[in-house]
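Source file: model34.txt. Holds: compact mmCIF, C-alpha atoms.
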# COMPACT_ATOMS: atom_id res chain seq x y z
CA MET A 9 2.01 -8.71 -23.94
CA ARG A 10 1.74 -12.50 -24.05
CA ALA A 11 5.47 -12.96 -23.48
CA ALA A 12 5.46 -10.36 -20.69
CA LEU A 13 2.73 -12.21 -18.82
CA LEU A 14 4.35 -15.61 -19.19
CA GLN A 15 7.86 -14.36 -18.32
CA PRO A 16 7.31 -11.25 -16.16
CA ASP A 17 10.03 -8.92 -14.91
CA GLU A 18 8.58 -9.05 -11.40
CA PRO A 19 10.86 -6.43 -9.76
CA LEU A 20 10.04 -3.98 -12.57
CA TYR A 21 6.28 -4.56 -12.26
CA ARG A 22 6.47 -4.21 -8.49
CA ALA A 23 8.42 -0.96 -8.77
CA ARG A 24 5.77 0.39 -11.12
CA ALA A 25 3.00 -0.69 -8.76
CA GLU A 26 4.67 1.10 -5.85
CA SER A 27 5.53 4.29 -7.73
CA GLY A 28 3.58 7.14 -9.25
CA GLN A 29 4.21 5.85 -12.78
CA ALA A 30 1.04 3.77 -12.71
CA ARG A 31 -1.12 6.86 -12.32
CA ASP A 32 -0.41 7.80 -15.93
CA ASN A 33 -2.11 4.67 -17.27
CA MET A 34 -5.36 4.54 -15.28
CA SER A 35 -8.44 3.90 -17.38
CA ASP A 36 -11.88 2.29 -17.17
CA PHE A 37 -11.94 -1.31 -18.39
CA ASP A 38 -13.73 -4.63 -17.95
CA ALA A 39 -11.92 -6.90 -15.47
CA ALA A 40 -14.00 -9.83 -16.75
CA GLU A 41 -12.35 -9.36 -20.13
CA VAL A 42 -8.95 -9.44 -18.43
CA ALA A 43 -9.89 -12.65 -16.61
CA ARG A 44 -10.94 -14.30 -19.87
CA GLY A 45 -7.75 -13.15 -21.62
CA VAL A 46 -5.45 -14.43 -18.88
CA GLY A 47 -7.35 -17.70 -18.76
CA GLU A 48 -7.04 -18.25 -22.50
CA LEU A 49 -3.33 -17.41 -22.31
CA TYR A 50 -2.62 -20.02 -19.62
CA GLU A 51 -5.02 -22.72 -20.82
CA PRO A 52 -2.40 -24.53 -22.97
CA LEU A 53 0.10 -24.55 -20.08
CA ALA A 54 -2.52 -25.95 -17.69
CA ASP A 55 -3.46 -28.59 -20.25
CA GLU A 56 0.19 -29.69 -20.50
CA LYS A 57 0.12 -30.42 -16.76
CA GLY A 58 -3.13 -32.35 -16.99
CA LEU A 59 -5.14 -29.57 -15.33
CA THR A 60 -8.56 -28.29 -16.30
CA LEU A 61 -8.65 -24.49 -16.40
CA THR A 62 -12.12 -22.95 -16.30
CA ILE A 63 -13.13 -19.30 -16.59
CA ASP A 64 -16.25 -17.89 -14.95
CA ALA A 65 -16.59 -14.28 -16.08
CA PRO A 66 -19.92 -13.98 -17.91
CA ALA A 67 -20.85 -10.43 -16.87
CA ALA A 68 -19.08 -7.09 -17.12
CA ALA A 69 -16.86 -6.25 -14.15
CA PRO A 70 -16.00 -2.56 -14.51
CA VAL A 71 -12.94 -1.20 -12.71
CA ARG A 72 -10.70 1.83 -13.09
CA GLY A 73 -7.00 1.24 -12.94
CA ASN A 74 -3.85 0.15 -14.71
CA ARG A 75 -4.96 -2.69 -16.93
CA GLU A 76 -1.45 -4.02 -17.54
CA LEU A 77 -0.61 -4.27 -13.83
CA ILE A 78 -3.92 -5.92 -12.95
CA SER A 79 -3.46 -8.38 -15.81
CA GLN A 80 0.04 -9.21 -14.58
CA ALA A 81 -1.14 -9.65 -10.98
CA LEU A 82 -3.86 -12.07 -12.09
CA ALA A 83 -1.41 -13.90 -14.35
CA ASN A 84 0.98 -14.36 -11.41
CA LEU A 85 -1.79 -15.99 -9.39
CA VAL A 86 -2.68 -18.36 -12.23
CA ASP A 87 0.99 -19.19 -12.79
CA ASN A 88 1.38 -20.04 -9.10
CA SER A 89 -1.68 -22.28 -9.20
CA ILE A 90 -0.36 -24.17 -12.21
CA LYS A 91 3.03 -24.68 -10.50
CA TYR A 92 1.58 -26.09 -7.31
CA ALA A 93 -1.65 -27.77 -8.45
CA ALA A 94 -1.94 -31.31 -7.17
CA PRO A 95 -1.85 -34.27 -9.56
CA ASP A 96 -5.01 -36.35 -9.81
CA ALA A 97 -3.64 -39.09 -7.54
CA ALA A 98 -3.11 -36.65 -4.66
CA LEU A 99 -6.72 -35.44 -4.58
CA PRO A 100 -9.66 -36.86 -2.64
CA GLU A 101 -11.97 -39.11 -4.64
CA GLY A 102 -14.34 -37.11 -6.80
CA VAL A 103 -12.23 -33.92 -6.77
CA ARG A 104 -10.81 -32.94 -10.15
CA PRO A 105 -7.37 -31.27 -10.64
CA GLU A 106 -8.62 -27.91 -11.83
CA ILE A 107 -7.97 -24.20 -11.66
CA LYS A 108 -10.84 -21.74 -11.77
CA ILE A 109 -10.56 -18.07 -12.69
CA GLN A 110 -13.55 -15.92 -11.76
CA ALA A 111 -14.53 -12.27 -12.13
CA ALA A 112 -17.65 -11.19 -10.27
CA SER A 113 -19.34 -8.21 -8.66
CA ALA A 114 -19.81 -8.05 -4.89
CA GLY A 115 -21.57 -4.85 -3.94
CA ASP A 116 -19.29 -1.91 -4.70
CA HIS A 117 -16.30 -4.17 -5.41
CA ILE A 118 -15.10 -6.45 -8.18
CA LEU A 119 -13.58 -9.76 -7.12
CA LEU A 120 -10.93 -11.48 -9.25
CA THR A 121 -10.48 -15.00 -7.92
CA VAL A 122 -8.08 -17.84 -8.73
CA ALA A 123 -8.90 -21.15 -7.04
CA ASP A 124 -6.88 -24.36 -7.33
CA ARG A 125 -6.67 -27.88 -5.89
CA GLY A 126 -3.04 -27.70 -4.85
CA PRO A 127 -1.55 -28.16 -1.37
CA GLY A 128 -2.85 -24.80 -0.20
CA ILE A 129 -1.15 -22.61 2.41
CA PRO A 130 -1.68 -23.11 6.15
CA ALA A 131 -3.59 -20.24 7.74
CA ALA A 132 -0.63 -19.42 10.00
CA ASP A 133 1.67 -18.93 6.97
CA ARG A 134 -0.66 -16.82 4.81
CA PRO A 135 0.34 -13.35 6.11
CA ARG A 136 4.04 -14.24 5.70
CA VAL A 137 3.86 -15.47 2.10
CA LEU A 138 2.45 -12.08 1.03
CA GLU A 139 5.76 -10.47 1.97
CA ARG A 140 8.52 -9.89 -0.54
CA PHE A 141 10.95 -12.77 -1.24
CA VAL A 142 9.24 -15.17 1.20
CA ARG A 143 8.90 -18.75 -0.05
CA LEU A 144 7.66 -21.69 1.98
CA GLU A 145 9.99 -24.66 2.30
CA ARG A 146 7.94 -26.91 0.03
CA SER A 147 8.03 -24.33 -2.78
CA ARG A 148 11.82 -24.05 -2.95
CA SER A 149 12.06 -26.81 -5.55
CA GLN A 150 9.99 -24.67 -7.94
CA PRO A 151 11.45 -21.81 -9.99
CA GLY A 152 10.58 -18.33 -8.81
CA SER A 153 11.76 -15.32 -6.82
CA GLY A 154 9.12 -15.17 -4.12
CA LEU A 155 7.78 -11.91 -5.58
CA GLY A 156 4.63 -13.17 -7.30
CA LEU A 157 2.15 -12.87 -4.42
CA SER A 158 3.72 -9.70 -3.04
CA LEU A 159 3.45 -8.11 -6.50
CA ALA A 160 -0.26 -8.96 -6.60
CA VAL A 161 -0.66 -7.38 -3.15
CA ALA A 162 1.13 -4.21 -4.29
CA VAL A 163 -1.12 -3.96 -7.35
CA ALA A 164 -4.26 -4.46 -5.25
CA HIS A 165 -3.16 -1.76 -2.79
CA LEU A 166 -2.30 0.63 -5.62
CA HIS A 167 -5.94 0.39 -6.69
CA ALA A 168 -7.29 0.87 -3.14
CA GLY A 169 -8.08 -2.84 -3.07
CA ASP A 170 -6.98 -5.89 -1.14
CA LEU A 171 -5.78 -9.47 -1.59
CA LYS A 172 -6.87 -12.40 0.55
CA LEU A 173 -5.79 -16.03 0.72
CA GLU A 174 -8.53 -18.53 1.60
CA ASP A 175 -8.95 -22.27 1.96
CA ASN A 176 -10.42 -23.90 -1.17
CA GLU A 177 -10.92 -27.24 0.65
CA PRO A 178 -8.67 -28.62 -0.78
CA GLY A 179 -6.34 -26.08 -2.32
CA LEU A 180 -5.94 -22.32 -2.25
CA ARG A 181 -8.32 -19.55 -3.27
CA THR A 182 -6.76 -16.14 -3.87
CA VAL A 183 -9.06 -13.13 -4.15
CA ILE A 184 -8.16 -9.66 -5.41
CA SER A 185 -10.83 -7.15 -4.41
CA LEU A 186 -10.96 -3.88 -6.39
CA PRO A 187 -13.35 -0.92 -6.21
CA ARG A 188 -16.08 -1.18 -8.83
CA ALA A 189 -15.95 1.62 -11.41
CA GLY A 190 -18.57 4.31 -10.86
CA PRO A 191 -19.31 7.03 -8.31
CA VAL A 192 -17.84 4.99 -5.44
CA SER A 193 -14.58 4.16 -7.23
CA GLN A 194 -14.16 7.78 -8.38
CA ALA A 195 -14.15 8.92 -4.76
CA VAL A 196 -11.64 6.19 -3.89
CA ALA A 197 -9.44 7.20 -6.83
CA GLY A 198 -9.22 10.70 -5.39
CA ASP A 199 -8.00 9.29 -2.08
CA LEU A 200 -5.53 7.03 -3.91
CA THR A 201 -4.00 9.99 -5.75
CA ARG A 202 -3.28 11.70 -2.45
CA LEU A 203 -1.63 8.53 -1.10
CA LEU A 204 0.65 7.86 -4.07
CA PRO A 205 4.20 9.23 -4.00
CA VAL A 206 4.80 12.55 -5.73
CA PRO A 207 7.44 12.19 -8.47
CA ALA A 208 10.72 14.01 -7.72
CA PRO A 209 11.35 17.22 -9.73
CA ALA A 210 13.50 16.82 -12.82
CA GLY A 211 17.15 16.94 -11.86
CA GLY A 212 16.46 16.29 -8.18
CA SER A 213 17.72 13.36 -6.19
CA ASP A 214 15.54 10.33 -5.62
CA SER A 215 16.08 7.20 -3.61
CA GLN A 216 14.05 4.00 -3.52
CA GLY A 217 14.53 0.93 -1.44
CA GLY A 218 14.60 -2.33 -3.21

Do you think you could lay out the structure here as structure tokens?
Amino acid sequence: MRAALLQPDEPLYRARAESGQARDNMSDFDAAEVARGVGELYEPLADEKGLTLTIDAPAAAPVRGNRELISQALANLVDNSIKYAAPDAALPEGVRPEIKIQAASAGDHILLTVADRGPGIPAADRPRVLERFVRLERSRSQPGSGLGLSLAVAVAHLHAGDLKLEDNEPGLRTVISLPRAGPVSQAVAGDLTRLLPVPAPAGGSDSQGG
């Protein structure tokens, strides 16, 4: 799992997020535990770049979903933050080069947040960077396919959730909002099942855009 998170097959994960396969692996789990695990996984990499990575996930954050896909979506966000985080010299005085991972409850939703002190994304560009294969000009010198954010969006939507990009002043704050496990999320899960594609019968033809 560690290697998969650090070197993801993004097209494969996206295909799984957009197909009915993910329905077979839905379970109740603690998203705060996922946040802590992803943070511990990426802490050495952040340290190599001179970044402080902090994790704020003290309380249980129950969700129902595909744990592997949610873990990969969060890992993609952390990986992006590490790539683009600003060096100390580029930050305003008194602002540390850090990345913060947070899991918290907000009413009937669980919020998974990754905040950094990088260059951020202008408000006008935020809807566009959530699309598949879109990379801003300044990011072209970095390795990547342009699928990371769009994968996280697909995973959020699979779970009847959402993803938002916000200004971290300075930097970028990315928030995945997921239904909190319980009576509310069970009702949402029923709606999600009706929205997901129905697998083609065995032996039938199937086509999928890519």

Using all atoms listed in the file, which of the listed residues (A:Ser35, A:Ser79, A:Asn176, A:Ser113) sits closest to Ala131 of chain A? A:Asn176

Smallest atom-to-atom distance to Thr60 of chain A: which of A:Ala93, A:Asp36, A:Pro127, A:Leu82, using all atoms listed in the file?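 Of all the options, A:Ala93 lies closest to Thr60 of chain A.
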
List the neighbours of Leu138 of chain A out to 8 Å using all atoms listed in the file; skip same-chain residues closer than 4 positions along the sequence, and give me the result as a list in words.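 Counting all atoms listed in the file, the residues come to Arg134, Val142, Leu157, Ser158 and Val161 of chain A.
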
Pick from A:Pro100, A:Pro105, A:Glu76, A:Leu173, whichever lies nearest to Val137 of chain A using all atoms listed in the file: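 Answer, going by the shortest atom-to-atom distance: A:Leu173.
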
Between A:Gly179, A:Ala81, A:Gly126, A:Gly102, which one has atoms that come closest to Ala162 of chain A, using only C-alpha atoms? A:Ala81

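For Thr182 of chain A, the non-local neighbours within 10 Å, defined as residues at least 2 positions apart in the same chain or in other chains and counting all atoms listed in the file, are Leu82, Leu85, Val86, Ser89, Ile109, Leu119, Leu120, Thr121, Val122, Ala123, Asp124, Leu157, Leu171, Lys172, Leu173, Glu174, Asp175, Asn176, Leu180, Ile184 and Ser185 of chain A.
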
Between atom CA of Leu159 of chain A and atom CA of Gly128 of chain A, what is the spacing in Å?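 Spanning atom CA of Gly128 of chain A to atom CA of Leu159 of chain A is a straight-line distance of 18.9 Å.
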
Specify the axis-aligned box that encloses all atoms of segment 32-37 of chain A listed in the file after padding of 4 Å on each side, stating its centre and edge lengths in Å to one decimal as JSON.
{"center_x": -6.2, "center_y": 3.2, "center_z": -16.8, "size_x": 19.5, "size_y": 17.1, "size_z": 11.1}

Report the distance between atom CA of Tyr92 of chain A and atom CA of Ala54 of chain A in Å, rounded to one decimal place. 11.2 Å

Expressed in Å, the length from atom CA of Val71 of chain A to atom CA of Gln110 of chain A is 14.8 Å

Mind completing segment 175-188 of chain A with N, CA, C and O atoms? Output as a PDB file, in the frame of the given file, please?
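Listed below is the output, part.pdb:
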ATOM      1  N   ASP A 175      -8.980 -20.828   2.133  1.00  0.00           N
ATOM      2  CA  ASP A 175      -8.950 -22.270   1.960  1.00  0.00           C
ATOM      3  C   ASP A 175      -9.966 -22.680   0.891  1.00  0.00           C
ATOM      4  O   ASP A 175     -11.139 -22.315   0.970  1.00  0.00           O
ATOM      5  N   ASN A 176      -9.510 -23.435  -0.118  1.00  0.00           N
ATOM      6  CA  ASN A 176     -10.420 -23.900  -1.170  1.00  0.00           C
ATOM      7  C   ASN A 176     -10.917 -25.327  -0.895  1.00  0.00           C
ATOM      8  O   ASN A 176     -11.703 -25.858  -1.651  1.00  0.00           O
ATOM      9  N   GLU A 177     -10.421 -25.943   0.142  1.00  0.00           N
ATOM     10  CA  GLU A 177     -10.920 -27.240   0.650  1.00  0.00           C
ATOM     11  C   GLU A 177     -11.105 -28.316  -0.429  1.00  0.00           C
ATOM     12  O   GLU A 177     -12.244 -28.716  -0.710  1.00  0.00           O
ATOM     13  N   PRO A 178     -10.089 -28.902  -1.000  1.00  0.00           N
ATOM     14  CA  PRO A 178      -8.670 -28.620  -0.780  1.00  0.00           C
ATOM     15  C   PRO A 178      -8.154 -27.565  -1.742  1.00  0.00           C
ATOM     16  O   PRO A 178      -8.785 -27.275  -2.761  1.00  0.00           O
ATOM     17  N   GLY A 179      -6.966 -27.044  -1.434  1.00  0.00           N
ATOM     18  CA  GLY A 179      -6.340 -26.080  -2.320  1.00  0.00           C
ATOM     19  C   GLY A 179      -6.387 -24.670  -1.769  1.00  0.00           C
ATOM     20  O   GLY A 179      -6.733 -24.425  -0.609  1.00  0.00           O
ATOM     21  N   LEU A 180      -6.032 -23.730  -2.628  1.00  0.00           N
ATOM     22  CA  LEU A 180      -5.940 -22.320  -2.250  1.00  0.00           C
ATOM     23  C   LEU A 180      -6.853 -21.486  -3.131  1.00  0.00           C
ATOM     24  O   LEU A 180      -6.943 -21.708  -4.340  1.00  0.00           O
ATOM     25  N   ARG A 181      -7.523 -20.527  -2.515  1.00  0.00           N
ATOM     26  CA  ARG A 181      -8.320 -19.550  -3.270  1.00  0.00           C
ATOM     27  C   ARG A 181      -7.750 -18.164  -2.957  1.00  0.00           C
ATOM     28  O   ARG A 181      -7.684 -17.755  -1.802  1.00  0.00           O
ATOM     29  N   THR A 182      -7.325 -17.470  -4.006  1.00  0.00           N
ATOM     30  CA  THR A 182      -6.760 -16.140  -3.870  1.00  0.00           C
ATOM     31  C   THR A 182      -7.719 -15.134  -4.479  1.00  0.00           C
ATOM     32  O   THR A 182      -8.153 -15.299  -5.617  1.00  0.00           O
ATOM     33  N   VAL A 183      -8.044 -14.095  -3.723  1.00  0.00           N
ATOM     34  CA  VAL A 183      -9.060 -13.130  -4.150  1.00  0.00           C
ATOM     35  C   VAL A 183      -8.482 -11.727  -4.146  1.00  0.00           C
ATOM     36  O   VAL A 183      -8.018 -11.238  -3.107  1.00  0.00           O
ATOM     37  N   ILE A 184      -8.493 -11.088  -5.307  1.00  0.00           N
ATOM     38  CA  ILE A 184      -8.160  -9.660  -5.410  1.00  0.00           C
ATOM     39  C   ILE A 184      -9.468  -8.893  -5.429  1.00  0.00           C
ATOM     40  O   ILE A 184     -10.323  -9.128  -6.291  1.00  0.00           O
ATOM     41  N   SER A 185      -9.628  -7.984  -4.490  1.00  0.00           N
ATOM     42  CA  SER A 185     -10.830  -7.150  -4.410  1.00  0.00           C
ATOM     43  C   SER A 185     -10.472  -5.740  -4.843  1.00  0.00           C
ATOM     44  O   SER A 185      -9.542  -5.130  -4.309  1.00  0.00           O
ATOM     45  N   LEU A 186     -11.215  -5.219  -5.836  1.00  0.00           N
ATOM     46  CA  LEU A 186     -10.960  -3.880  -6.390  1.00  0.00           C
ATOM     47  C   LEU A 186     -12.251  -3.065  -6.355  1.00  0.00           C
ATOM     48  O   LEU A 186     -13.341  -3.618  -6.542  1.00  0.00           O
ATOM     49  N   PRO A 187     -12.150  -1.752  -6.161  1.00  0.00           N
ATOM     50  CA  PRO A 187     -13.350  -0.920  -6.210  1.00  0.00           C
ATOM     51  C   PRO A 187     -14.021  -1.003  -7.578  1.00  0.00           C
ATOM     52  O   PRO A 187     -13.346  -0.947  -8.605  1.00  0.00           O
ATOM     53  N   ARG A 188     -15.322  -1.154  -7.576  1.00  0.00           N
ATOM     54  CA  ARG A 188     -16.080  -1.180  -8.830  1.00  0.00           C
ATOM     55  C   ARG A 188     -16.098   0.225  -9.430  1.00  0.00           C
ATOM     56  O   ARG A 188     -16.230   1.219  -8.722  1.00  0.00           O
TER      57      ARG A 188
END
